[in-house]
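work-v5.txt, holding compact mmCIF, N, CA and C atoms:
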# COMPACT_ATOMS: atom_id res chain seq x y z
N SER A 1 -82.19 -81.70 -9.95
CA SER A 1 -81.45 -80.80 -9.07
C SER A 1 -82.04 -79.40 -9.10
N LEU A 2 -82.40 -78.94 -10.32
CA LEU A 2 -82.99 -77.61 -10.42
C LEU A 2 -84.35 -77.54 -9.73
N GLU A 3 -85.11 -78.62 -9.83
CA GLU A 3 -86.41 -78.65 -9.16
C GLU A 3 -86.24 -78.63 -7.64
N ARG A 4 -85.26 -79.38 -7.14
CA ARG A 4 -85.00 -79.35 -5.69
C ARG A 4 -84.53 -77.98 -5.25
N LEU A 5 -83.68 -77.33 -6.07
CA LEU A 5 -83.23 -75.98 -5.75
C LEU A 5 -84.40 -75.01 -5.74
N ARG A 6 -85.29 -75.13 -6.72
CA ARG A 6 -86.47 -74.27 -6.77
C ARG A 6 -87.34 -74.45 -5.53
N LEU A 7 -87.57 -75.71 -5.14
CA LEU A 7 -88.39 -75.98 -3.96
C LEU A 7 -87.72 -75.47 -2.68
N ALA A 8 -86.40 -75.62 -2.60
CA ALA A 8 -85.68 -75.12 -1.42
C ALA A 8 -85.75 -73.61 -1.33
N ARG A 9 -85.61 -72.94 -2.47
CA ARG A 9 -85.71 -71.47 -2.47
C ARG A 9 -87.12 -71.03 -2.12
N LEU A 10 -88.11 -71.73 -2.62
CA LEU A 10 -89.49 -71.40 -2.31
C LEU A 10 -89.76 -71.58 -0.82
N LYS A 11 -89.26 -72.67 -0.25
CA LYS A 11 -89.43 -72.92 1.18
C LYS A 11 -88.72 -71.84 2.00
N SER A 12 -87.52 -71.47 1.57
CA SER A 12 -86.77 -70.43 2.27
C SER A 12 -87.48 -69.09 2.20
N GLN A 13 -87.99 -68.74 1.02
CA GLN A 13 -88.71 -67.47 0.86
C GLN A 13 -89.99 -67.46 1.68
N THR A 14 -90.69 -68.61 1.73
CA THR A 14 -91.92 -68.69 2.52
C THR A 14 -91.63 -68.52 3.99
N SER A 15 -90.61 -69.20 4.49
CA SER A 15 -90.28 -69.07 5.92
C SER A 15 -89.80 -67.67 6.24
N LEU A 16 -89.06 -67.05 5.33
CA LEU A 16 -88.60 -65.68 5.54
C LEU A 16 -89.78 -64.71 5.56
N SER A 17 -90.74 -64.92 4.68
CA SER A 17 -91.94 -64.07 4.66
C SER A 17 -92.73 -64.23 5.94
N LEU A 18 -92.89 -65.45 6.42
CA LEU A 18 -93.59 -65.68 7.68
C LEU A 18 -92.84 -65.04 8.85
N LEU A 19 -91.52 -65.14 8.85
CA LEU A 19 -90.72 -64.51 9.90
C LEU A 19 -90.89 -63.00 9.88
N ASN A 20 -90.83 -62.40 8.69
CA ASN A 20 -91.00 -60.95 8.59
C ASN A 20 -92.40 -60.53 9.01
N ALA A 21 -93.43 -61.30 8.60
CA ALA A 21 -94.80 -60.97 9.00
C ALA A 21 -94.96 -61.06 10.51
N GLY A 22 -94.38 -62.10 11.12
CA GLY A 22 -94.44 -62.23 12.58
C GLY A 22 -93.73 -61.10 13.28
N GLN A 23 -92.57 -60.73 12.76
CA GLN A 23 -91.80 -59.62 13.36
C GLN A 23 -92.59 -58.32 13.25
N GLN A 24 -93.19 -58.06 12.09
CA GLN A 24 -93.97 -56.84 11.93
C GLN A 24 -95.20 -56.84 12.82
N LEU A 25 -95.83 -58.00 13.01
CA LEU A 25 -96.98 -58.10 13.90
C LEU A 25 -96.60 -57.78 15.34
N ILE A 26 -95.46 -58.32 15.79
CA ILE A 26 -94.99 -58.04 17.15
C ILE A 26 -94.69 -56.56 17.32
N ILE A 27 -94.02 -55.97 16.34
CA ILE A 27 -93.67 -54.54 16.40
C ILE A 27 -94.93 -53.69 16.40
N ALA A 28 -95.88 -54.01 15.51
CA ALA A 28 -97.12 -53.23 15.44
C ALA A 28 -97.92 -53.35 16.72
N THR A 29 -97.98 -54.55 17.29
CA THR A 29 -98.70 -54.75 18.55
C THR A 29 -98.06 -53.94 19.67
N GLY A 30 -96.73 -53.97 19.74
CA GLY A 30 -96.03 -53.19 20.76
C GLY A 30 -96.25 -51.69 20.58
N LEU A 31 -96.21 -51.24 19.32
CA LEU A 31 -96.41 -49.82 19.04
C LEU A 31 -97.82 -49.38 19.41
N VAL A 32 -98.82 -50.19 19.06
CA VAL A 32 -100.21 -49.87 19.39
C VAL A 32 -100.39 -49.84 20.91
N ALA A 33 -99.83 -50.83 21.61
CA ALA A 33 -99.96 -50.87 23.07
C ALA A 33 -99.30 -49.66 23.72
N MET A 34 -98.11 -49.30 23.27
CA MET A 34 -97.43 -48.13 23.85
C MET A 34 -98.19 -46.84 23.55
N LEU A 35 -98.69 -46.69 22.32
CA LEU A 35 -99.44 -45.48 21.99
C LEU A 35 -100.78 -45.44 22.71
N TRP A 36 -101.40 -46.61 22.91
CA TRP A 36 -102.65 -46.67 23.66
C TRP A 36 -102.44 -46.18 25.09
N ARG A 37 -101.37 -46.69 25.69
CA ARG A 37 -101.08 -46.27 27.08
C ARG A 37 -100.74 -44.79 27.14
N ALA A 38 -99.98 -44.31 26.15
CA ALA A 38 -99.62 -42.89 26.14
C ALA A 38 -100.85 -42.02 25.90
N ALA A 39 -101.74 -42.45 24.98
CA ALA A 39 -102.97 -41.69 24.73
C ALA A 39 -103.85 -41.68 25.96
N ASP A 40 -103.88 -42.81 26.68
CA ASP A 40 -104.63 -42.86 27.94
C ASP A 40 -104.04 -41.89 28.96
N GLY A 41 -102.71 -41.81 29.00
CA GLY A 41 -102.05 -40.87 29.90
C GLY A 41 -102.35 -39.42 29.55
N VAL A 42 -102.43 -39.13 28.25
CA VAL A 42 -102.78 -37.76 27.81
C VAL A 42 -104.22 -37.46 28.21
N ALA A 43 -105.12 -38.42 28.03
CA ALA A 43 -106.54 -38.22 28.37
C ALA A 43 -106.73 -37.98 29.86
N GLU A 44 -105.91 -38.63 30.69
CA GLU A 44 -106.02 -38.47 32.14
C GLU A 44 -105.24 -37.28 32.65
N GLY A 45 -104.46 -36.65 31.79
CA GLY A 45 -103.71 -35.47 32.20
C GLY A 45 -102.34 -35.77 32.79
N ARG A 46 -101.93 -37.04 32.80
CA ARG A 46 -100.60 -37.40 33.33
C ARG A 46 -99.49 -37.11 32.32
N MET A 47 -99.84 -37.05 31.04
CA MET A 47 -98.86 -36.79 29.99
C MET A 47 -99.37 -35.66 29.10
N THR A 48 -98.44 -35.03 28.42
CA THR A 48 -98.82 -34.00 27.46
C THR A 48 -98.88 -34.60 26.07
N LEU A 49 -99.41 -33.81 25.13
CA LEU A 49 -99.45 -34.27 23.75
C LEU A 49 -98.03 -34.46 23.20
N GLY A 50 -97.10 -33.64 23.64
CA GLY A 50 -95.69 -33.78 23.25
C GLY A 50 -95.10 -35.10 23.73
N ASP A 51 -95.54 -35.55 24.93
CA ASP A 51 -95.09 -36.86 25.43
C ASP A 51 -95.57 -37.99 24.52
N LEU A 52 -96.81 -37.87 24.03
CA LEU A 52 -97.35 -38.88 23.12
C LEU A 52 -96.54 -38.93 21.83
N VAL A 53 -96.21 -37.77 21.27
CA VAL A 53 -95.39 -37.70 20.06
C VAL A 53 -94.01 -38.28 20.33
N MET A 54 -93.46 -37.99 21.52
CA MET A 54 -92.14 -38.52 21.88
C MET A 54 -92.15 -40.05 21.97
N VAL A 55 -93.21 -40.62 22.55
CA VAL A 55 -93.32 -42.08 22.66
C VAL A 55 -93.37 -42.69 21.25
N ASN A 56 -94.17 -42.09 20.37
CA ASN A 56 -94.26 -42.58 18.99
C ASN A 56 -92.89 -42.51 18.30
N ALA A 57 -92.21 -41.38 18.40
CA ALA A 57 -90.89 -41.22 17.76
C ALA A 57 -89.89 -42.20 18.37
N PHE A 58 -89.94 -42.39 19.67
CA PHE A 58 -89.01 -43.32 20.33
C PHE A 58 -89.22 -44.75 19.82
N MET A 59 -90.48 -45.17 19.73
CA MET A 59 -90.76 -46.53 19.27
C MET A 59 -90.32 -46.72 17.81
N ILE A 60 -90.57 -45.72 16.97
CA ILE A 60 -90.15 -45.82 15.57
C ILE A 60 -88.63 -45.87 15.48
N GLN A 61 -87.95 -45.03 16.26
CA GLN A 61 -86.49 -45.02 16.25
C GLN A 61 -85.92 -46.32 16.81
N LEU A 62 -86.70 -47.02 17.62
CA LEU A 62 -86.24 -48.28 18.20
C LEU A 62 -86.39 -49.43 17.22
N TYR A 63 -87.54 -49.54 16.53
CA TYR A 63 -87.75 -50.74 15.73
C TYR A 63 -87.22 -50.65 14.31
N ILE A 64 -87.01 -49.47 13.76
CA ILE A 64 -86.44 -49.38 12.40
C ILE A 64 -85.02 -49.96 12.37
N PRO A 65 -84.13 -49.61 13.32
CA PRO A 65 -82.80 -50.25 13.30
C PRO A 65 -82.85 -51.76 13.54
N LEU A 66 -83.82 -52.23 14.34
CA LEU A 66 -83.94 -53.67 14.55
C LEU A 66 -84.30 -54.38 13.25
N ASN A 67 -85.20 -53.79 12.48
CA ASN A 67 -85.56 -54.37 11.19
C ASN A 67 -84.35 -54.35 10.26
N PHE A 68 -83.59 -53.26 10.27
CA PHE A 68 -82.38 -53.16 9.45
C PHE A 68 -81.36 -54.22 9.84
N LEU A 69 -81.21 -54.46 11.15
CA LEU A 69 -80.27 -55.49 11.61
C LEU A 69 -80.70 -56.87 11.11
N GLY A 70 -82.01 -57.11 11.03
CA GLY A 70 -82.50 -58.38 10.49
C GLY A 70 -82.11 -58.56 9.03
N VAL A 71 -82.22 -57.49 8.27
CA VAL A 71 -81.84 -57.54 6.85
C VAL A 71 -80.34 -57.79 6.72
N ILE A 72 -79.53 -57.08 7.51
CA ILE A 72 -78.08 -57.26 7.47
C ILE A 72 -77.71 -58.69 7.86
N TYR A 73 -78.35 -59.23 8.91
CA TYR A 73 -78.08 -60.60 9.35
C TYR A 73 -78.38 -61.59 8.22
N ARG A 74 -79.52 -61.41 7.56
CA ARG A 74 -79.90 -62.32 6.47
C ARG A 74 -78.90 -62.25 5.33
N GLU A 75 -78.47 -61.04 4.96
CA GLU A 75 -77.52 -60.89 3.87
C GLU A 75 -76.17 -61.51 4.22
N ILE A 76 -75.71 -61.32 5.45
CA ILE A 76 -74.43 -61.91 5.87
C ILE A 76 -74.53 -63.43 5.86
N LYS A 77 -75.64 -63.96 6.36
CA LYS A 77 -75.82 -65.42 6.38
C LYS A 77 -75.84 -65.98 4.96
N GLN A 78 -76.53 -65.31 4.04
CA GLN A 78 -76.57 -65.76 2.65
C GLN A 78 -75.19 -65.68 2.02
N SER A 79 -74.45 -64.62 2.30
CA SER A 79 -73.10 -64.48 1.75
C SER A 79 -72.17 -65.57 2.26
N LEU A 80 -72.28 -65.88 3.54
CA LEU A 80 -71.43 -66.95 4.09
C LEU A 80 -71.78 -68.30 3.49
N THR A 81 -73.06 -68.53 3.24
CA THR A 81 -73.47 -69.78 2.60
C THR A 81 -72.90 -69.88 1.19
N GLU A 82 -72.99 -68.78 0.44
CA GLU A 82 -72.45 -68.78 -0.92
C GLU A 82 -70.93 -68.92 -0.92
N LEU A 83 -70.27 -68.31 0.07
CA LEU A 83 -68.82 -68.42 0.19
C LEU A 83 -68.43 -69.87 0.47
N ASP A 84 -69.19 -70.53 1.34
CA ASP A 84 -68.93 -71.93 1.64
C ASP A 84 -69.10 -72.79 0.39
N LYS A 85 -70.14 -72.53 -0.39
CA LYS A 85 -70.36 -73.28 -1.63
C LYS A 85 -69.21 -73.04 -2.62
N MET A 86 -68.72 -71.79 -2.67
CA MET A 86 -67.63 -71.49 -3.59
C MET A 86 -66.37 -72.27 -3.20
N PHE A 87 -66.04 -72.29 -1.89
CA PHE A 87 -64.85 -73.03 -1.47
C PHE A 87 -65.02 -74.53 -1.67
N THR A 88 -66.23 -75.04 -1.49
CA THR A 88 -66.50 -76.45 -1.76
C THR A 88 -66.28 -76.75 -3.24
N LEU A 89 -66.73 -75.86 -4.10
CA LEU A 89 -66.55 -76.03 -5.53
C LEU A 89 -65.07 -75.95 -5.91
N MET A 90 -64.33 -75.05 -5.27
CA MET A 90 -62.90 -74.91 -5.59
C MET A 90 -62.10 -76.13 -5.14
N ASP A 91 -62.60 -76.85 -4.12
CA ASP A 91 -61.90 -78.04 -3.63
C ASP A 91 -62.14 -79.27 -4.49
N ARG A 92 -63.14 -79.22 -5.37
CA ARG A 92 -63.42 -80.37 -6.23
C ARG A 92 -62.31 -80.51 -7.27
N PRO A 93 -61.97 -81.74 -7.63
CA PRO A 93 -60.94 -81.92 -8.67
C PRO A 93 -61.48 -81.46 -10.03
N GLN A 94 -60.56 -81.00 -10.86
CA GLN A 94 -60.94 -80.56 -12.20
C GLN A 94 -61.39 -81.76 -13.02
N GLU A 95 -62.47 -81.56 -13.78
CA GLU A 95 -62.95 -82.62 -14.66
C GLU A 95 -62.19 -82.62 -15.98
N VAL A 96 -61.80 -81.44 -16.44
CA VAL A 96 -61.07 -81.33 -17.70
C VAL A 96 -59.68 -80.79 -17.37
N GLN A 97 -58.66 -81.57 -17.72
CA GLN A 97 -57.28 -81.17 -17.44
C GLN A 97 -56.45 -81.32 -18.70
N ASP A 98 -55.34 -80.59 -18.71
CA ASP A 98 -54.40 -80.74 -19.83
C ASP A 98 -53.85 -82.16 -19.83
N ALA A 99 -53.59 -82.64 -21.01
CA ALA A 99 -52.96 -83.96 -21.13
C ALA A 99 -51.54 -83.89 -20.58
N PRO A 100 -51.03 -84.99 -20.06
CA PRO A 100 -49.64 -84.98 -19.58
C PRO A 100 -48.70 -84.61 -20.74
N GLN A 101 -47.69 -83.86 -20.46
CA GLN A 101 -46.70 -83.43 -21.44
C GLN A 101 -47.30 -82.56 -22.56
N ALA A 102 -48.42 -81.89 -22.26
CA ALA A 102 -49.04 -81.03 -23.28
C ALA A 102 -48.16 -79.82 -23.54
N PRO A 103 -47.89 -79.52 -24.82
CA PRO A 103 -47.05 -78.35 -25.13
C PRO A 103 -47.83 -77.06 -24.87
N PRO A 104 -47.15 -75.95 -24.64
CA PRO A 104 -47.85 -74.68 -24.45
C PRO A 104 -48.58 -74.26 -25.72
N LEU A 105 -49.68 -73.56 -25.54
CA LEU A 105 -50.48 -73.10 -26.67
C LEU A 105 -49.92 -71.78 -27.18
N HIS A 106 -49.51 -71.75 -28.44
CA HIS A 106 -49.00 -70.52 -29.05
C HIS A 106 -50.05 -70.02 -30.03
N LEU A 107 -50.42 -68.75 -29.89
CA LEU A 107 -51.46 -68.17 -30.74
C LEU A 107 -50.88 -67.10 -31.64
N ASN A 108 -51.43 -66.99 -32.81
CA ASN A 108 -51.09 -65.89 -33.72
C ASN A 108 -52.16 -64.82 -33.53
N GLY A 109 -51.90 -63.84 -32.68
CA GLY A 109 -52.88 -62.79 -32.40
C GLY A 109 -53.78 -63.16 -31.23
N ALA A 110 -54.78 -62.32 -31.00
CA ALA A 110 -55.71 -62.54 -29.88
C ALA A 110 -56.67 -63.69 -30.22
N PRO A 111 -56.99 -64.51 -29.24
CA PRO A 111 -57.91 -65.63 -29.50
C PRO A 111 -59.34 -65.12 -29.67
N GLU A 112 -60.16 -65.91 -30.33
CA GLU A 112 -61.57 -65.60 -30.47
C GLU A 112 -62.35 -66.91 -30.57
N VAL A 113 -63.61 -66.84 -30.22
CA VAL A 113 -64.49 -68.00 -30.33
C VAL A 113 -65.43 -67.73 -31.49
N ARG A 114 -65.55 -68.71 -32.42
CA ARG A 114 -66.40 -68.55 -33.60
C ARG A 114 -67.54 -69.56 -33.56
N PHE A 115 -68.70 -69.08 -33.97
CA PHE A 115 -69.87 -69.93 -34.14
C PHE A 115 -70.30 -69.78 -35.60
N GLU A 116 -70.42 -70.88 -36.29
CA GLU A 116 -70.78 -70.84 -37.70
C GLU A 116 -72.01 -71.72 -37.93
N ALA A 117 -72.97 -71.15 -38.64
CA ALA A 117 -74.21 -71.85 -39.01
C ALA A 117 -74.90 -72.45 -37.79
N VAL A 118 -75.14 -71.62 -36.79
CA VAL A 118 -75.79 -72.08 -35.56
C VAL A 118 -77.30 -72.13 -35.77
N HIS A 119 -77.88 -73.27 -35.49
CA HIS A 119 -79.34 -73.45 -35.53
C HIS A 119 -79.77 -73.83 -34.11
N PHE A 120 -80.88 -73.24 -33.66
CA PHE A 120 -81.37 -73.56 -32.32
C PHE A 120 -82.87 -73.45 -32.28
N ALA A 121 -83.52 -74.37 -31.53
CA ALA A 121 -84.97 -74.32 -31.34
C ALA A 121 -85.30 -75.04 -30.04
N TYR A 122 -86.23 -74.48 -29.27
CA TYR A 122 -86.72 -75.20 -28.09
C TYR A 122 -87.61 -76.34 -28.54
N GLU A 123 -88.38 -76.06 -29.60
CA GLU A 123 -89.25 -77.07 -30.20
C GLU A 123 -88.94 -77.09 -31.69
N PRO A 124 -88.94 -78.24 -32.34
CA PRO A 124 -88.60 -78.30 -33.76
C PRO A 124 -89.51 -77.44 -34.63
N ALA A 125 -90.74 -77.24 -34.25
CA ALA A 125 -91.68 -76.46 -35.05
C ALA A 125 -91.42 -74.95 -34.95
N ARG A 126 -90.65 -74.54 -33.94
CA ARG A 126 -90.42 -73.10 -33.73
C ARG A 126 -88.92 -72.82 -33.65
N PRO A 127 -88.21 -72.79 -34.77
CA PRO A 127 -86.78 -72.49 -34.73
C PRO A 127 -86.55 -71.04 -34.30
N ILE A 128 -85.48 -70.84 -33.56
CA ILE A 128 -85.16 -69.50 -33.05
C ILE A 128 -83.96 -68.92 -33.79
N LEU A 129 -82.91 -69.71 -33.94
CA LEU A 129 -81.73 -69.27 -34.69
C LEU A 129 -81.68 -70.05 -36.00
N HIS A 130 -81.45 -69.33 -37.09
CA HIS A 130 -81.44 -69.95 -38.42
C HIS A 130 -80.07 -69.76 -39.06
N GLY A 131 -79.11 -70.61 -38.79
CA GLY A 131 -77.81 -70.54 -39.43
C GLY A 131 -77.04 -69.26 -39.14
N VAL A 132 -77.00 -68.87 -37.90
CA VAL A 132 -76.34 -67.62 -37.50
C VAL A 132 -74.84 -67.82 -37.35
N ASP A 133 -74.05 -66.86 -37.88
CA ASP A 133 -72.60 -66.86 -37.71
C ASP A 133 -72.23 -65.66 -36.83
N PHE A 134 -71.39 -65.90 -35.83
CA PHE A 134 -70.86 -64.78 -35.06
C PHE A 134 -69.56 -65.20 -34.38
N LYS A 135 -68.78 -64.18 -34.00
CA LYS A 135 -67.53 -64.48 -33.30
C LYS A 135 -67.47 -63.61 -32.05
N ILE A 136 -66.75 -64.13 -31.06
CA ILE A 136 -66.59 -63.43 -29.79
C ILE A 136 -65.10 -63.16 -29.60
N PRO A 137 -64.67 -61.90 -29.74
CA PRO A 137 -63.26 -61.58 -29.54
C PRO A 137 -62.85 -61.75 -28.08
N ALA A 138 -61.56 -61.88 -27.85
CA ALA A 138 -61.04 -62.04 -26.49
C ALA A 138 -61.46 -60.85 -25.63
N GLY A 139 -61.92 -61.14 -24.42
CA GLY A 139 -62.27 -60.09 -23.48
C GLY A 139 -63.63 -59.46 -23.71
N ARG A 140 -64.42 -59.99 -24.63
CA ARG A 140 -65.73 -59.42 -24.94
C ARG A 140 -66.83 -60.41 -24.54
N THR A 141 -68.04 -59.90 -24.42
CA THR A 141 -69.19 -60.73 -24.09
C THR A 141 -70.25 -60.52 -25.17
N VAL A 142 -70.87 -61.61 -25.61
CA VAL A 142 -71.90 -61.53 -26.63
C VAL A 142 -73.13 -62.23 -26.09
N ALA A 143 -74.30 -61.63 -26.32
CA ALA A 143 -75.56 -62.24 -25.91
C ALA A 143 -76.50 -62.27 -27.10
N VAL A 144 -77.23 -63.35 -27.22
CA VAL A 144 -78.26 -63.45 -28.25
C VAL A 144 -79.57 -63.15 -27.55
N VAL A 145 -80.20 -62.03 -27.94
CA VAL A 145 -81.42 -61.58 -27.27
C VAL A 145 -82.54 -61.52 -28.29
N GLY A 146 -83.67 -62.10 -27.93
CA GLY A 146 -84.81 -62.10 -28.83
C GLY A 146 -85.78 -60.96 -28.52
N PRO A 147 -86.95 -60.99 -29.15
CA PRO A 147 -87.91 -59.90 -28.97
C PRO A 147 -88.43 -59.78 -27.55
N SER A 148 -88.40 -60.86 -26.77
CA SER A 148 -88.89 -60.78 -25.40
C SER A 148 -87.88 -60.10 -24.48
N GLY A 149 -86.66 -59.88 -24.94
CA GLY A 149 -85.68 -59.17 -24.14
C GLY A 149 -84.83 -60.09 -23.34
Give the structure from the file, written as structure tokens.
Amino acid sequence: SLERLRLARLKSQTSLSLLNAGQQLIIATGLVAMLWRAADGVAEGRMTLGDLVMVNAFMIQLYIPLNFLGVIYREIKQSLTELDKMFTLMDRPQEVQDAPQAPPLHLNGAPEVRFEAVHFAYEPARPILHGVDFKIPAGRTVAVVGPSG
């Protein structure tokens, strides 16, 4: 599943990069064509140098918001996809449920999670954790971070 997810993300990123490159190519071609025509008009005396600057500013003011709208569209589409996945997940039945007639849990003080004598290694020859003890109080977050960060 993780490999399929990785491939799908790679395919999505590749298509998005191609789309952005195509969009930038179209914008650059249009900008060059408009500036070429305006520079030709300045050379022939039909336009002033200020007109050329105005054409450049107009084109930049036109395509920057279009690019921004593309970014906003992509973010909204991604958010809606994630929202749909969240609701799909919420509709799934719980895998772990309380037993029928389970009594309420009464605690003496705030709950905590304890880890005692934790050993961990990706490979047996390279252990990472050597009998570590730690506890996580209620409402707190604990991370085990190594030298790589």
Polymer residues at most 10 Å from Ile136 (chain A), only C-alpha atoms, same-chain spacing of 3 or more positions, as an mmCIF file with N, CA and C atoms, in the coordinates of the input:
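Just written: out17.cif:
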data_model
loop_
_atom_site.group_PDB
_atom_site.id
_atom_site.type_symbol
_atom_site.label_atom_id
_atom_site.label_comp_id
_atom_site.auth_asym_id
_atom_site.auth_seq_id
_atom_site.Cartn_x
_atom_site.Cartn_y
_atom_site.Cartn_z
ATOM 1 N N PRO A 111 -56.990 -64.510 -29.240
ATOM 2 C CA PRO A 111 -57.910 -65.630 -29.500
ATOM 3 C C PRO A 111 -59.340 -65.120 -29.670
ATOM 4 N N GLU A 112 -60.160 -65.910 -30.330
ATOM 5 C CA GLU A 112 -61.570 -65.600 -30.470
ATOM 6 C C GLU A 112 -62.350 -66.910 -30.570
ATOM 7 N N VAL A 113 -63.610 -66.840 -30.220
ATOM 8 C CA VAL A 113 -64.490 -68.000 -30.330
ATOM 9 C C VAL A 113 -65.430 -67.730 -31.490
ATOM 10 N N ARG A 114 -65.550 -68.710 -32.420
ATOM 11 C CA ARG A 114 -66.400 -68.550 -33.600
ATOM 12 C C ARG A 114 -67.540 -69.560 -33.560
ATOM 13 N N PHE A 115 -68.700 -69.080 -33.970
ATOM 14 C CA PHE A 115 -69.870 -69.930 -34.140
ATOM 15 C C PHE A 115 -70.300 -69.780 -35.600
ATOM 16 N N GLY A 139 -61.920 -61.140 -24.420
ATOM 17 C CA GLY A 139 -62.270 -60.090 -23.480
ATOM 18 C C GLY A 139 -63.630 -59.460 -23.710
ATOM 19 N N ARG A 140 -64.420 -59.990 -24.630
ATOM 20 C CA ARG A 140 -65.730 -59.420 -24.940
ATOM 21 C C ARG A 140 -66.830 -60.410 -24.540
ATOM 22 N N THR A 141 -68.040 -59.900 -24.420
ATOM 23 C CA THR A 141 -69.190 -60.730 -24.090
ATOM 24 C C THR A 141 -70.250 -60.520 -25.170
ATOM 25 N N VAL A 142 -70.870 -61.610 -25.610
ATOM 26 C CA VAL A 142 -71.900 -61.530 -26.630
ATOM 27 C C VAL A 142 -73.130 -62.230 -26.090
ATOM 28 N N ALA A 143 -74.300 -61.630 -26.320
ATOM 29 C CA ALA A 143 -75.560 -62.240 -25.910
ATOM 30 C C ALA A 143 -76.500 -62.270 -27.100
#
Problem set entry | strand (DSSP E or B) residues, from DSSP on the backbone, in chain A, as number ranges by chain | A: 112-123, 126-137
Edge lengths and centre in Å to one decimal, as lines of an AutoDock Vina configuration file, of the axis-aligned box that encloses all listed atoms of region 11-30 of chain A with 6 Å added on every side?
center_x = -92.7
center_y = -62.3
center_z = 10.3
size_x = 23.9
size_y = 33.2
size_z = 33.0
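Here atom N of Val71 (chain A) and atom N of Gln23 (chain A) stand 11.7 Å from one another.
Taking CA of Trp36 (chain A) and CA of Phe68 (chain A) as endpoints, the distance between them is 25.6 Å.
Each of A:Gly109, A:Pro147, A:Glu75, A:Ala39 was compared to Val53 (chain A) using only C-alpha atoms, and A:Ala39 turns out to be the nearest.
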Problem set entry | Among listed residues A:Val118, A:Ser12, A:Met59, A:Asn20, nearest Leu35 (chain A) (using only C-alpha atoms) | A:Met59
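Atom N of Val96 (chain A) is positioned 24.4 Å from atom N of Glu3 (chain A).
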For this session: Pull the helix (DSSP H, G or I) assignments for region 55-102 of chain A out of DSSP run on the backbone, and list those residues as a PyMOL selection string.
Result: chain A and resi 55-91
